[in-house]
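What's in entry11.txt: compact mmCIF, C-alpha atoms and all ligand atoms
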```
# COMPACT_ATOMS: atom_id res chain seq x y z
CA MET A 21 15.26 3.02 7.21
CA ASP A 22 13.88 5.18 4.43
CA TYR A 23 13.25 3.14 1.29
CA ASN A 24 11.62 6.12 -0.37
CA LEU A 25 8.73 3.91 -1.47
CA ALA A 26 6.67 6.77 -2.79
CA SER A 27 9.35 7.89 -5.25
CA PRO A 28 7.67 8.93 -8.47
CA VAL A 29 10.87 8.68 -10.52
CA GLY A 30 10.39 6.10 -13.27
CA THR A 31 7.08 5.06 -11.78
CA THR A 32 4.67 7.47 -13.44
CA VAL A 33 1.95 6.48 -15.89
CA GLY A 34 3.49 5.51 -19.22
CA THR A 35 6.62 3.98 -17.68
CA THR A 36 7.50 0.64 -19.23
CA LEU A 37 7.15 -2.44 -17.04
CA ASP A 38 10.87 -3.11 -17.33
CA ARG A 39 11.84 0.34 -16.10
CA PHE A 40 9.22 0.27 -13.38
CA ILE A 41 10.57 -3.04 -12.05
CA SER A 42 14.12 -1.70 -12.11
CA LYS A 43 13.13 1.50 -10.34
CA LYS A 44 11.25 -0.41 -7.65
CA GLN A 45 14.25 -2.66 -7.13
CA GLU A 46 16.54 0.34 -6.62
CA GLN A 47 14.44 1.28 -3.59
CA PHE A 48 15.65 -1.89 -1.85
CA PRO A 49 19.40 -1.61 -1.41
CA TYR A 50 19.86 -5.33 -0.66
CA ALA A 51 17.71 -6.65 -3.51
CA THR A 52 19.60 -9.09 -5.70
CA GLY A 53 17.48 -8.52 -8.79
CA GLU A 54 16.30 -12.12 -8.94
CA LEU A 55 12.67 -11.33 -8.20
CA SER A 56 12.78 -8.52 -10.73
CA GLN A 57 14.08 -10.91 -13.35
CA LEU A 58 11.42 -13.46 -12.46
CA LEU A 59 8.70 -10.87 -13.04
CA ARG A 60 10.25 -10.00 -16.39
CA ASP A 61 10.25 -13.70 -17.32
CA ILE A 62 6.54 -13.93 -16.53
CA ALA A 63 5.82 -10.80 -18.55
CA LEU A 64 7.71 -12.19 -21.53
CA ALA A 65 5.85 -15.49 -21.42
CA GLY A 66 2.63 -13.49 -21.07
CA LYS A 67 3.38 -11.63 -24.29
CA ILE A 68 3.93 -14.91 -26.11
CA VAL A 69 0.73 -16.42 -24.73
CA ASN A 70 -1.14 -13.23 -25.64
CA ARG A 71 0.06 -13.63 -29.23
CA GLU A 72 -1.09 -17.26 -29.32
CA ILE A 73 -4.51 -16.30 -27.92
CA ASN A 74 -4.95 -13.54 -30.49
CA ARG A 75 -4.17 -15.96 -33.30
CA ALA A 76 -6.27 -18.78 -31.87
CA GLY A 77 -9.11 -18.48 -34.35
CA LEU A 78 -6.68 -18.38 -37.27
CA ILE A 79 -4.28 -21.16 -36.54
CA ASP A 80 -6.75 -23.60 -35.09
CA VAL A 81 -5.02 -24.15 -31.81
CA THR A 82 -8.33 -24.37 -30.03
CA GLY A 83 -10.05 -27.72 -29.70
CA ALA A 84 -9.09 -30.98 -28.13
CA TYR A 85 -5.56 -31.65 -27.01
CA GLY A 86 -4.18 -34.72 -28.74
CA SER A 87 -6.03 -34.27 -32.04
CA GLN A 88 -3.95 -33.97 -35.20
CA ASN A 89 -3.90 -31.18 -37.73
CA ILE A 90 -3.85 -31.60 -41.49
CA GLN A 91 -0.08 -32.15 -41.57
CA GLY A 92 -0.45 -34.90 -39.02
CA GLU A 93 1.17 -32.75 -36.34
CA GLU A 94 -0.28 -32.93 -32.90
CA GLN A 95 -2.42 -29.94 -31.99
CA GLN A 96 -2.34 -28.45 -28.55
CA LYS A 97 -5.00 -26.69 -26.61
CA LEU A 98 -4.21 -23.12 -25.63
CA ASP A 99 -4.04 -23.98 -21.94
CA VAL A 100 -1.40 -26.61 -22.67
CA ILE A 101 0.53 -24.15 -24.84
CA ALA A 102 0.36 -21.52 -22.10
CA ASN A 103 1.63 -24.02 -19.56
CA ILE A 104 4.60 -24.88 -21.76
CA ARG A 105 5.41 -21.19 -22.38
CA PHE A 106 5.37 -20.17 -18.73
CA ILE A 107 7.32 -23.19 -17.53
CA ARG A 108 9.92 -22.69 -20.23
CA ALA A 109 10.33 -19.00 -19.37
CA LEU A 110 10.63 -19.71 -15.64
CA ARG A 111 13.04 -22.59 -16.21
CA ASN A 112 15.26 -20.58 -18.56
CA GLY A 113 15.30 -17.63 -16.17
CA GLY A 114 17.00 -19.66 -13.43
CA GLU A 115 15.45 -17.83 -10.47
CA VAL A 116 12.87 -20.54 -9.82
CA CYS A 117 13.67 -24.00 -8.43
CA GLY A 118 10.13 -25.40 -8.59
CA ILE A 119 6.69 -24.76 -10.03
CA ILE A 120 3.22 -25.97 -9.20
CA SER A 121 0.82 -25.59 -12.12
CA GLU A 122 -2.85 -26.33 -12.60
CA GLU A 123 -1.82 -28.36 -15.64
CA ASP A 124 0.58 -30.71 -13.83
CA ASP A 125 -0.21 -33.20 -11.07
CA ASP A 126 3.17 -32.94 -9.35
CA ILE A 127 5.68 -30.25 -8.51
CA ILE A 128 7.86 -29.40 -11.49
CA ASP A 129 11.55 -29.41 -10.62
CA THR A 130 13.04 -26.81 -12.94
CA GLY A 131 16.52 -28.31 -12.62
CA LYS A 132 17.76 -24.96 -11.26
CA PRO A 133 18.61 -25.81 -7.65
CA ASN A 134 20.11 -22.38 -7.06
CA GLY A 135 16.80 -20.72 -7.78
CA ARG A 136 15.63 -18.81 -4.76
CA TYR A 137 11.90 -18.86 -5.54
CA VAL A 138 8.99 -21.17 -6.25
CA VAL A 139 5.99 -20.24 -8.39
CA ALA A 140 2.38 -21.43 -8.27
CA ILE A 141 0.63 -20.75 -11.56
CA ASP A 142 -2.63 -21.24 -13.39
CA PRO A 143 -1.27 -20.67 -16.90
CA LEU A 144 -4.65 -20.14 -18.56
CA ASP A 145 -7.64 -19.75 -16.32
CA GLY A 146 -11.22 -19.64 -17.53
CA SER A 147 -11.18 -22.88 -19.47
CA SER A 148 -14.85 -22.68 -20.47
CA ASN A 149 -14.14 -19.37 -22.21
CA ILE A 150 -11.00 -20.34 -24.12
CA ASP A 151 -12.71 -21.55 -27.28
CA VAL A 152 -15.33 -18.82 -27.45
CA ASN A 153 -13.25 -15.64 -27.55
CA VAL A 154 -14.15 -14.45 -24.06
CA SER A 155 -11.57 -12.95 -21.68
CA ILE A 156 -9.25 -15.41 -19.96
CA GLY A 157 -6.21 -14.96 -17.73
CA THR A 158 -3.03 -16.21 -16.10
CA ILE A 159 -2.66 -16.17 -12.30
CA PHE A 160 0.66 -16.48 -10.47
CA SER A 161 2.09 -16.49 -6.93
CA VAL A 162 5.75 -16.27 -5.98
CA TYR A 163 7.24 -17.59 -2.73
CA ARG A 164 10.75 -17.66 -1.34
CA ARG A 165 11.75 -21.31 -1.00
CA LEU A 166 12.11 -22.85 2.47
CA SER A 167 14.62 -25.56 1.59
CA PRO A 168 18.25 -24.53 1.20
CA ARG A 169 19.50 -23.20 -2.11
CA GLY A 170 21.56 -25.68 -4.05
CA THR A 171 19.12 -28.52 -3.32
CA HIS A 172 16.09 -29.78 -5.21
CA VAL A 173 12.68 -28.25 -4.62
CA GLU A 174 10.62 -29.88 -1.85
CA GLU A 175 6.90 -30.02 -1.25
CA ARG A 176 7.14 -27.65 1.73
CA ASP A 177 8.49 -24.96 -0.61
CA VAL A 178 5.18 -24.72 -2.46
CA MET A 179 2.87 -25.63 0.43
CA GLN A 180 3.16 -22.27 2.16
CA PRO A 181 0.21 -20.16 3.31
CA GLY A 182 -0.61 -17.23 1.03
CA LYS A 183 0.63 -14.67 3.56
CA GLN A 184 4.15 -15.85 2.70
CA GLN A 185 3.87 -14.66 -0.93
CA VAL A 186 6.55 -12.22 -2.02
CA ALA A 187 4.78 -11.35 -5.25
CA ALA A 188 1.56 -12.20 -7.04
CA GLY A 189 -0.19 -11.11 -10.16
CA TYR A 190 -2.34 -11.88 -13.12
CA LEU A 191 -2.47 -11.31 -16.83
CA LEU A 192 -5.85 -10.56 -18.32
CA TYR A 193 -6.24 -11.32 -22.01
CA GLY A 194 -9.26 -9.15 -22.70
CA SER A 195 -10.31 -6.17 -24.81
CA SER A 196 -6.79 -5.08 -23.97
CA THR A 197 -4.17 -7.22 -22.31
CA MET A 198 -3.09 -6.21 -18.83
CA LEU A 199 -0.58 -7.33 -16.25
CA VAL A 200 -1.46 -6.49 -12.66
CA TYR A 201 0.92 -7.35 -9.84
CA THR A 202 1.99 -6.65 -6.29
CA THR A 203 5.16 -7.27 -4.33
CA GLY A 204 3.49 -6.12 -1.13
CA TYR A 205 3.83 -2.40 -1.82
CA GLY A 206 0.61 -1.62 -3.58
CA VAL A 207 -0.95 -2.97 -6.75
CA HIS A 208 0.12 -1.77 -10.15
CA GLY A 209 -1.54 -2.34 -13.49
CA PHE A 210 0.19 -2.32 -16.89
CA THR A 211 -1.50 -2.29 -20.28
CA TYR A 212 0.06 -4.05 -23.24
CA GLU A 213 0.73 -2.04 -26.39
CA PRO A 214 0.99 -4.76 -29.04
CA SER A 215 2.55 -2.64 -31.78
CA LEU A 216 5.47 -1.81 -29.46
CA GLY A 217 5.51 -5.15 -27.66
CA GLU A 218 5.63 -3.41 -24.27
CA PHE A 219 3.60 -3.24 -21.09
CA PHE A 220 3.14 0.37 -19.92
CA LEU A 221 2.12 1.48 -16.45
CA SER A 222 -1.50 2.54 -16.79
CA HIS A 223 -2.92 2.02 -13.28
CA PRO A 224 -0.45 2.79 -10.46
CA ASP A 225 -1.42 2.14 -6.83
CA MET A 226 -4.78 0.56 -7.56
CA LEU A 227 -7.38 0.65 -4.80
CA ILE A 228 -10.67 -1.22 -4.79
CA PRO A 229 -13.68 1.06 -4.17
CA ASP A 230 -14.90 0.76 -0.59
CA LYS A 231 -18.50 0.53 -1.76
CA GLY A 232 -19.81 -1.90 -4.35
CA SER A 233 -23.11 -2.91 -5.86
CA ILE A 234 -22.12 -5.73 -8.23
CA PHE A 235 -22.26 -9.41 -7.29
CA SER A 236 -20.63 -12.11 -9.34
CA VAL A 237 -21.57 -15.76 -8.89
CA ASN A 238 -22.65 -18.75 -10.96
CA GLU A 239 -26.32 -18.74 -10.03
CA GLY A 240 -26.81 -21.97 -11.91
CA ASN A 241 -25.59 -23.57 -8.67
CA TYR A 242 -28.18 -21.70 -6.56
CA GLU A 243 -30.13 -24.75 -5.44
CA ASP A 244 -26.93 -26.24 -4.00
CA PHE A 245 -25.91 -23.13 -2.06
CA SER A 246 -26.22 -22.99 1.74
CA GLU A 247 -28.90 -20.81 3.36
CA PRO A 248 -26.61 -17.87 4.24
CA ILE A 249 -25.44 -17.64 0.62
CA LYS A 250 -29.01 -17.78 -0.66
CA GLU A 251 -29.93 -15.06 1.84
CA TYR A 252 -27.02 -12.90 0.75
CA LEU A 253 -28.02 -13.23 -2.90
CA SER A 254 -31.61 -12.24 -2.00
CA PHE A 255 -30.18 -9.22 -0.18
CA CYS A 256 -28.22 -8.24 -3.31
CA LYS A 257 -31.32 -8.51 -5.47
CA LYS A 258 -33.58 -6.65 -3.02
CA ASN A 259 -31.04 -3.84 -3.11
CA ARG A 260 -31.06 -3.92 -6.91
CA TYR A 261 -27.37 -4.78 -7.17
CA SER A 262 -26.16 -5.67 -10.65
CA ALA A 263 -25.32 -9.29 -11.48
CA ARG A 264 -22.20 -9.80 -13.62
CA TYR A 265 -20.60 -13.17 -14.25
CA ILE A 266 -18.08 -13.85 -16.98
CA GLY A 267 -16.95 -17.25 -15.73
CA SER A 268 -13.27 -16.28 -15.93
CA LEU A 269 -11.99 -15.59 -12.45
CA VAL A 270 -9.38 -13.06 -13.56
CA ALA A 271 -11.90 -11.06 -15.58
CA ASP A 272 -14.57 -11.15 -12.87
CA PHE A 273 -11.99 -10.16 -10.25
CA HIS A 274 -10.53 -7.41 -12.43
CA ARG A 275 -13.96 -5.81 -12.77
CA SER A 276 -14.45 -5.97 -9.00
CA LEU A 277 -11.08 -4.33 -8.45
CA PHE A 278 -12.02 -1.43 -10.71
CA LYS A 279 -15.68 -0.98 -9.88
CA GLY A 280 -16.09 -2.55 -6.46
CA GLY A 281 -18.19 -5.64 -5.86
CA ILE A 282 -17.97 -9.20 -4.67
CA TYR A 283 -17.08 -12.45 -6.41
CA LEU A 284 -18.39 -15.63 -4.78
CA TYR A 285 -17.58 -19.27 -5.46
CA PRO A 286 -19.20 -20.99 -2.46
CA ASP A 287 -18.93 -24.56 -1.26
CA THR A 288 -21.94 -26.80 -1.84
CA ALA A 289 -23.06 -30.19 -0.53
CA THR A 290 -21.60 -31.88 -3.60
CA ALA A 291 -18.45 -29.69 -3.70
CA PRO A 292 -17.69 -29.15 -0.01
CA LYS A 293 -14.56 -27.09 -0.76
CA GLY A 294 -15.98 -25.19 -3.73
CA LYS A 295 -14.20 -25.23 -7.07
CA LEU A 296 -11.31 -22.81 -7.05
CA ARG A 297 -7.77 -23.83 -6.18
CA LEU A 298 -6.07 -22.33 -3.16
CA LEU A 299 -2.46 -22.35 -4.30
CA TYR A 300 -2.65 -20.95 -7.82
CA GLU A 301 -6.03 -19.21 -8.04
CA CYS A 302 -7.18 -17.87 -4.67
CA ASN A 303 -3.94 -16.93 -2.91
CA ALA A 304 -2.63 -14.59 -5.60
CA LEU A 305 -5.89 -12.68 -5.94
CA ALA A 306 -6.26 -12.54 -2.13
CA PHE A 307 -2.81 -10.93 -1.84
CA ILE A 308 -3.69 -8.42 -4.56
CA VAL A 309 -7.10 -7.52 -3.15
CA GLU A 310 -5.70 -6.96 0.35
CA GLN A 311 -2.99 -4.74 -1.09
CA ALA A 312 -5.74 -2.80 -2.85
CA GLY A 313 -7.74 -2.39 0.37
CA GLY A 314 -10.21 -5.25 -0.13
CA LYS A 315 -10.69 -8.68 1.46
CA ALA A 316 -10.72 -12.36 0.56
CA THR A 317 -12.02 -15.16 2.79
CA ASP A 318 -13.25 -18.72 2.58
CA GLY A 319 -16.22 -17.57 4.67
CA LYS A 320 -14.46 -18.39 7.92
CA GLN A 321 -10.92 -17.07 7.69
CA ARG A 322 -8.61 -14.97 5.54
CA ILE A 323 -7.56 -16.88 2.46
CA LEU A 324 -3.95 -15.83 3.16
CA GLU A 325 -4.00 -17.61 6.55
CA ILE A 326 -5.00 -21.03 5.21
CA GLU A 327 -2.31 -23.68 5.71
CA PRO A 328 -2.38 -25.77 2.53
CA SER A 329 -2.77 -29.51 2.94
CA SER A 330 -2.43 -30.63 -0.67
CA LEU A 331 -1.09 -29.19 -3.90
CA HIS A 332 -4.36 -28.89 -5.78
CA GLU A 333 -6.73 -28.29 -2.88
CA ARG A 334 -9.82 -26.19 -3.36
CA CYS A 335 -11.46 -23.64 -1.11
CA PRO A 336 -14.66 -21.60 -1.01
CA PHE A 337 -13.86 -18.09 -2.19
CA TYR A 338 -15.35 -14.69 -1.40
CA ILE A 339 -13.34 -11.72 -2.64
CA GLY A 340 -13.80 -8.04 -3.31
CA THR A 341 -14.91 -4.89 -1.53
CA SER A 342 -14.24 -5.30 2.21
CA ALA A 343 -17.74 -4.45 3.47
CA MET A 344 -19.35 -6.93 1.06
CA VAL A 345 -16.94 -9.74 1.95
CA ASP A 346 -17.48 -9.01 5.65
CA ASP A 347 -21.24 -9.16 5.14
CA VAL A 348 -21.22 -12.57 3.50
CA SER A 349 -18.62 -13.96 5.95
CA THR A 350 -20.68 -12.79 8.93
CA ARG A 351 -23.80 -14.44 7.53
CA ILE A 352 -21.89 -17.72 7.06
CA GLN A 353 -20.43 -17.64 10.57
CA GLN A 354 -23.65 -16.64 12.34
CA TYR A 355 -25.85 -19.14 10.54
CA LYS A 356 -27.29 -21.80 12.79
CA GLN A 357 -28.51 -25.01 11.20
CA PRO A 358 -32.18 -25.60 12.11
CA SER A 359 -32.31 -28.48 14.59
P1 LIG A 401 -10.57 -23.53 -14.69
O1 LIG A 401 -9.31 -23.48 -13.89
O2 LIG A 401 -10.91 -24.91 -15.18
O3 LIG A 401 -10.60 -22.53 -15.78
O4 LIG A 401 -11.74 -23.19 -13.64
C1 LIG A 401 -11.68 -21.99 -12.97
C2 LIG A 401 -12.77 -21.10 -13.49
C3 LIG A 401 -12.67 -19.68 -13.04
O5 LIG A 401 -11.95 -18.89 -13.95
C4 LIG A 401 -14.09 -19.25 -13.00
O6 LIG A 401 -14.29 -18.20 -12.11
C5 LIG A 401 -14.80 -20.49 -12.60
O7 LIG A 401 -13.97 -21.57 -12.94
C6 LIG A 401 -16.09 -20.66 -13.30
O8 LIG A 401 -16.68 -21.84 -12.88
P2 LIG A 401 -18.17 -22.21 -13.34
O9 LIG A 401 -18.10 -22.52 -14.79
O10 LIG A 401 -18.51 -23.40 -12.49
O11 LIG A 401 -19.03 -21.04 -13.04
MG MG A 402 -8.02 -22.27 -13.29
```

Represent the structure of the file as structure tokens.
Ligand code: AHM
Ligand code: MG
Amino acid sequence: MDYNLASPVGTTVGTTLDRFISKKQEQFPYATGELSQLLRDIALAGKIVNREINRAGLIDVTGAYGSQNIQGEEQQKLDVIANIRFIRALRNGGEVCGIISEEDDDIIDTGKPNGRYVVAIDPLDGSSNIDVNVSIGTIFSVYRRLSPRGTHVEERDVMQPGKQQVAAGYLLYGSSTMLVYTTGYGVHGFTYEPSLGEFFLSHPDMLIPDKGSIFSVNEGNYEDFSEPIKEYLSFCKKNRYSARYIGSLVADFHRSLFKGGIYLYPDTATAPKGKLRLLYECNALAFIVEQAGGKATDGKQRILEIEPSSLHERCPFYIGTSAMVDDVSTRIQQYKQPS
């Protein structure tokens, strides 16, 4: 069957996100439009969150959740606001029956049992950078539900391995705001034009460079890293690789996608599964990087193969240029503990 996936019509640089989504949908004769609408809902919520972030310094929404402003109204932290915005948009859209969010302990039942999809989302990632005007992001994964439509969301709907994702993406709130997503047919990047209120296609068919010389890791944890990680970092330094670490996963990943490189968040003795969350941080970026020709592993296996065992589980994370991820994974697997 010819889906004419390479059709340039309506998919050239400068195309609006809305038109791009519609054009892509037309290439799939049996598509119902629900996934397209879901992506539009996320983009809309992203615009609203972007506005809140840009005003953060002015309207004093940063700071501790639960404190009160001068009118005695409760103030909300930006990550809480972002969570509310995304959940509201997904609930109103009706395509999603359940959501798992970094901000909520349990699965959120949207009250839309006919929704065909579930979403895993980190509404505002990079918490240490929120209050200091450094780039932050939103990360999302979309899965087709396993339970029958017309019923309430179940845990198995969100506990699927990453290879089952039907779409994934991120928003980067940086020097410009971008939305980057994949539905399994390449990775496409859109840049937000605030005066028009539109995302425009700026980076079609993104591919990660197959060579990289940037490594990105929190070296403050060095003493807790295992020997193969320490050795890999020595290798990077001996080869005069550049060290870059923003501390916002989306921003660090975005740079790797453009320039090539590796991002590492290893496990340590005190954090045996690392820090990052499988369901709403690692899986989405792993899907994107593979679509862009890169790799993501936990040191032992593809991130996308991991069968989740709990909603908020963590995993070690190595992502970026294939050769670099292979190098660090090989070192981890071949390392023999001294007896
Ligand atoms: P968060 O979900 O609390 O924001 O934590 C995730 C963030 C990532 O964006 C970033 O890559 C990492 O934590 C930074 O961790 P650290 O401060 O330990 O280097
Ligand atoms: Mg996070």

Polymer residues at most 8 Å from A:Ala188, all atoms listed in the file, same-chain spacing of 2 or more positions, as a PyMOL selection string = chain A and resi 159-162+185-186+190+201-203+304-305+307-308

Selection: 10 Å around stretch 293-295 of chain A, only C-alpha atoms, excl. self and same-chain fewer than 5 positions, as a PyMOL selection string = chain A and resi 284-288+318+333-337

Proximity check chain A to ligand MG 402 (chain A), 7 Å, nearest pairs one decimal Å, all atoms listed in the file, as JSON lines:
```
{"residue": "A:Glu122", "atom": "CA", "partner": "A:MG402", "partner_atom": "MG", "distance": 6.6}
{"residue": "A:Asp142", "atom": "CA", "partner": "A:MG402", "partner_atom": "MG", "distance": 5.5}
{"residue": "A:Leu144", "atom": "CA", "partner": "A:MG402", "partner_atom": "MG", "distance": 6.6}
{"residue": "A:Asp145", "atom": "CA", "partner": "A:MG402", "partner_atom": "MG", "distance": 4.0}
{"residue": "A:Gly146", "atom": "CA", "partner": "A:MG402", "partner_atom": "MG", "distance": 5.9}
{"residue": "A:Ser147", "atom": "CA", "partner": "A:MG402", "partner_atom": "MG", "distance": 7.0}
{"residue": "A:Glu301", "atom": "CA", "partner": "A:MG402", "partner_atom": "MG", "distance": 6.4}
```

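The closest residue to ligand LIG 401 (chain A), picked from A:Asn74, A:Ser262, A:Asn241, A:Gln57 and counting only C-alpha atoms and all ligand atoms, is A:Asn241.
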
Please determine an axis-aligned box that encloses all atoms of ligand LIG 401 (chain A) listed in the file, with 8 Å added on each side, and express its centre and edge lengths in Å to one decimal as lines of an AutoDock Vina configuration file.
```
center_x = -14.2
center_y = -21.6
center_z = -13.9
size_x = 25.7
size_y = 22.7
size_z = 19.7
```

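The space between atom CA of A:Ser276 and atom CA of A:Arg264 spans 9.8 Å.
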
key: Counting only C-alpha atoms, the residue of A:Ile326, A:Leu199, A:Leu331, A:Ala306 that sits nearest A:Glu123   = A:Leu331

query = Given the choices A:Met226, A:Val348, A:Ala312, A:Ala291, which gets closest to A:Ser254 if the distance is worked out from only C-alpha atoms?
reply = A:Val348

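The spacing separating atom CA of A:Gly217 from atom CA of A:Ile73 amounts to 15.0 Å.
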
request  = Considering all atoms listed in the file, return as a PyMOL selection string whatever protein or nucleic-acid residues lie within 12 Å of A:Asp126, sequence-local ones (same chain, fewer than 5 positions apart) excluded.
outcome  = chain A and resi 118-121+140+173-175+178+330-332

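For the residues A:Thr32, A:Thr158, A:Ser268, A:Asn259, ranking by smallest atom-to-atom distance to ligand LIG 401 (chain A) using all atoms listed in the file places A:Ser268 first.
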
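Atom CA of A:Arg164 is positioned 23.5 Å from atom CA of A:Ala102.
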
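Of the residues under consideration (A:Phe210, A:Tyr163, A:Tyr205, A:Tyr137), A:Phe210 shows the shortest atom-to-atom contact distance to A:Thr36 when counting all atoms listed in the file.
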
Copy stretch 317-324 of chain A out of the block into a file, keeping all heavy atoms, as a PDB file, in the first residue's frame.
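Okay, result_11.pdb is ready:
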```
ATOM      1  N   THR A 317      19.452   3.743  25.839  1.00  0.00           N
ATOM      2  CA  THR A 317      19.478   2.500  26.610  1.00  0.00           C
ATOM      3  C   THR A 317      19.530   2.823  28.109  1.00  0.00           C
ATOM      4  O   THR A 317      19.767   3.970  28.494  1.00  0.00           O
ATOM      5  CB  THR A 317      20.719   1.626  26.285  1.00  0.00           C
ATOM      6  OG1 THR A 317      21.860   2.188  26.946  1.00  0.00           O
ATOM      7  CG2 THR A 317      21.007   1.532  24.809  1.00  0.00           C
ATOM      8  N   ASP A 318      19.322   1.754  28.897  1.00  0.00           N
ATOM      9  CA  ASP A 318      19.562   1.908  30.340  1.00  0.00           C
ATOM     10  C   ASP A 318      20.932   1.325  30.681  1.00  0.00           C
ATOM     11  O   ASP A 318      21.228   1.051  31.835  1.00  0.00           O
ATOM     12  CB  ASP A 318      18.451   1.231  31.157  1.00  0.00           C
ATOM     13  CG  ASP A 318      18.448  -0.285  30.991  1.00  0.00           C
ATOM     14  OD1 ASP A 318      19.230  -0.812  30.165  1.00  0.00           O
ATOM     15  OD2 ASP A 318      17.660  -0.946  31.689  1.00  0.00           O
ATOM     16  N   GLY A 319      21.740   1.119  29.658  1.00  0.00           N
ATOM     17  CA  GLY A 319      23.066   0.522  29.817  1.00  0.00           C
ATOM     18  C   GLY A 319      23.041  -0.948  29.456  1.00  0.00           C
ATOM     19  O   GLY A 319      24.060  -1.517  29.077  1.00  0.00           O
ATOM     20  N   LYS A 320      21.861  -1.552  29.563  1.00  0.00           N
ATOM     21  CA  LYS A 320      21.772  -2.998  29.303  1.00  0.00           C
ATOM     22  C   LYS A 320      20.815  -3.310  28.160  1.00  0.00           C
ATOM     23  O   LYS A 320      21.010  -4.256  27.424  1.00  0.00           O
ATOM     24  CB  LYS A 320      21.306  -3.720  30.569  1.00  0.00           C
ATOM     25  CG  LYS A 320      22.298  -3.513  31.713  1.00  0.00           C
ATOM     26  CD  LYS A 320      22.049  -4.488  32.841  1.00  0.00           C
ATOM     27  CE  LYS A 320      23.194  -4.445  33.830  1.00  0.00           C
ATOM     28  NZ  LYS A 320      23.002  -3.542  34.927  1.00  0.00           N
ATOM     29  N   GLN A 321      19.764  -2.541  28.049  1.00  0.00           N
ATOM     30  CA  GLN A 321      18.793  -2.816  26.977  1.00  0.00           C
ATOM     31  C   GLN A 321      18.195  -1.509  26.466  1.00  0.00           C
ATOM     32  O   GLN A 321      18.333  -0.458  27.099  1.00  0.00           O
ATOM     33  CB  GLN A 321      17.672  -3.725  27.486  1.00  0.00           C
ATOM     34  CG  GLN A 321      16.866  -3.129  28.610  1.00  0.00           C
ATOM     35  CD  GLN A 321      15.694  -4.029  29.016  1.00  0.00           C
ATOM     36  OE1 GLN A 321      15.108  -4.732  28.205  1.00  0.00           O
ATOM     37  NE2 GLN A 321      15.332  -3.993  30.291  1.00  0.00           N
ATOM     38  N   ARG A 322      17.551  -1.621  25.298  1.00  0.00           N
ATOM     39  CA  ARG A 322      16.844  -0.467  24.736  1.00  0.00           C
ATOM     40  C   ARG A 322      15.824   0.030  25.746  1.00  0.00           C
ATOM     41  O   ARG A 322      15.064  -0.781  26.298  1.00  0.00           O
ATOM     42  CB  ARG A 322      16.055  -0.905  23.492  1.00  0.00           C
ATOM     43  CG  ARG A 322      16.701  -0.714  22.172  1.00  0.00           C
ATOM     44  CD  ARG A 322      15.817  -1.380  21.116  1.00  0.00           C
ATOM     45  NE  ARG A 322      14.839  -0.467  20.539  1.00  0.00           N
ATOM     46  CZ  ARG A 322      13.648  -0.852  20.058  1.00  0.00           C
ATOM     47  NH1 ARG A 322      13.279  -2.115  20.116  1.00  0.00           N
ATOM     48  NH2 ARG A 322      12.829   0.030  19.530  1.00  0.00           N
ATOM     49  N   ILE A 323      15.759   1.312  25.915  1.00  0.00           N
ATOM     50  CA  ILE A 323      14.731   1.884  26.800  1.00  0.00           C
ATOM     51  C   ILE A 323      13.341   1.426  26.348  1.00  0.00           C
ATOM     52  O   ILE A 323      12.484   1.074  27.173  1.00  0.00           O
ATOM     53  CB  ILE A 323      14.814   3.432  26.782  1.00  0.00           C
ATOM     54  CG1 ILE A 323      16.101   3.905  27.460  1.00  0.00           C
ATOM     55  CG2 ILE A 323      13.570   4.065  27.403  1.00  0.00           C
ATOM     56  CD1 ILE A 323      16.198   3.698  28.941  1.00  0.00           C
ATOM     57  N   LEU A 324      13.122   1.391  25.026  1.00  0.00           N
ATOM     58  CA  LEU A 324      11.778   1.094  24.504  1.00  0.00           C
ATOM     59  C   LEU A 324      11.341  -0.343  24.770  1.00  0.00           C
ATOM     60  O   LEU A 324      10.169  -0.672  24.617  1.00  0.00           O
ATOM     61  CB  LEU A 324      11.706   1.398  23.001  1.00  0.00           C
ATOM     62  CG  LEU A 324      11.925   2.859  22.611  1.00  0.00           C
ATOM     63  CD1 LEU A 324      11.764   3.048  21.102  1.00  0.00           C
ATOM     64  CD2 LEU A 324      10.952   3.787  23.347  1.00  0.00           C
TER      65      LEU A 324
END
```
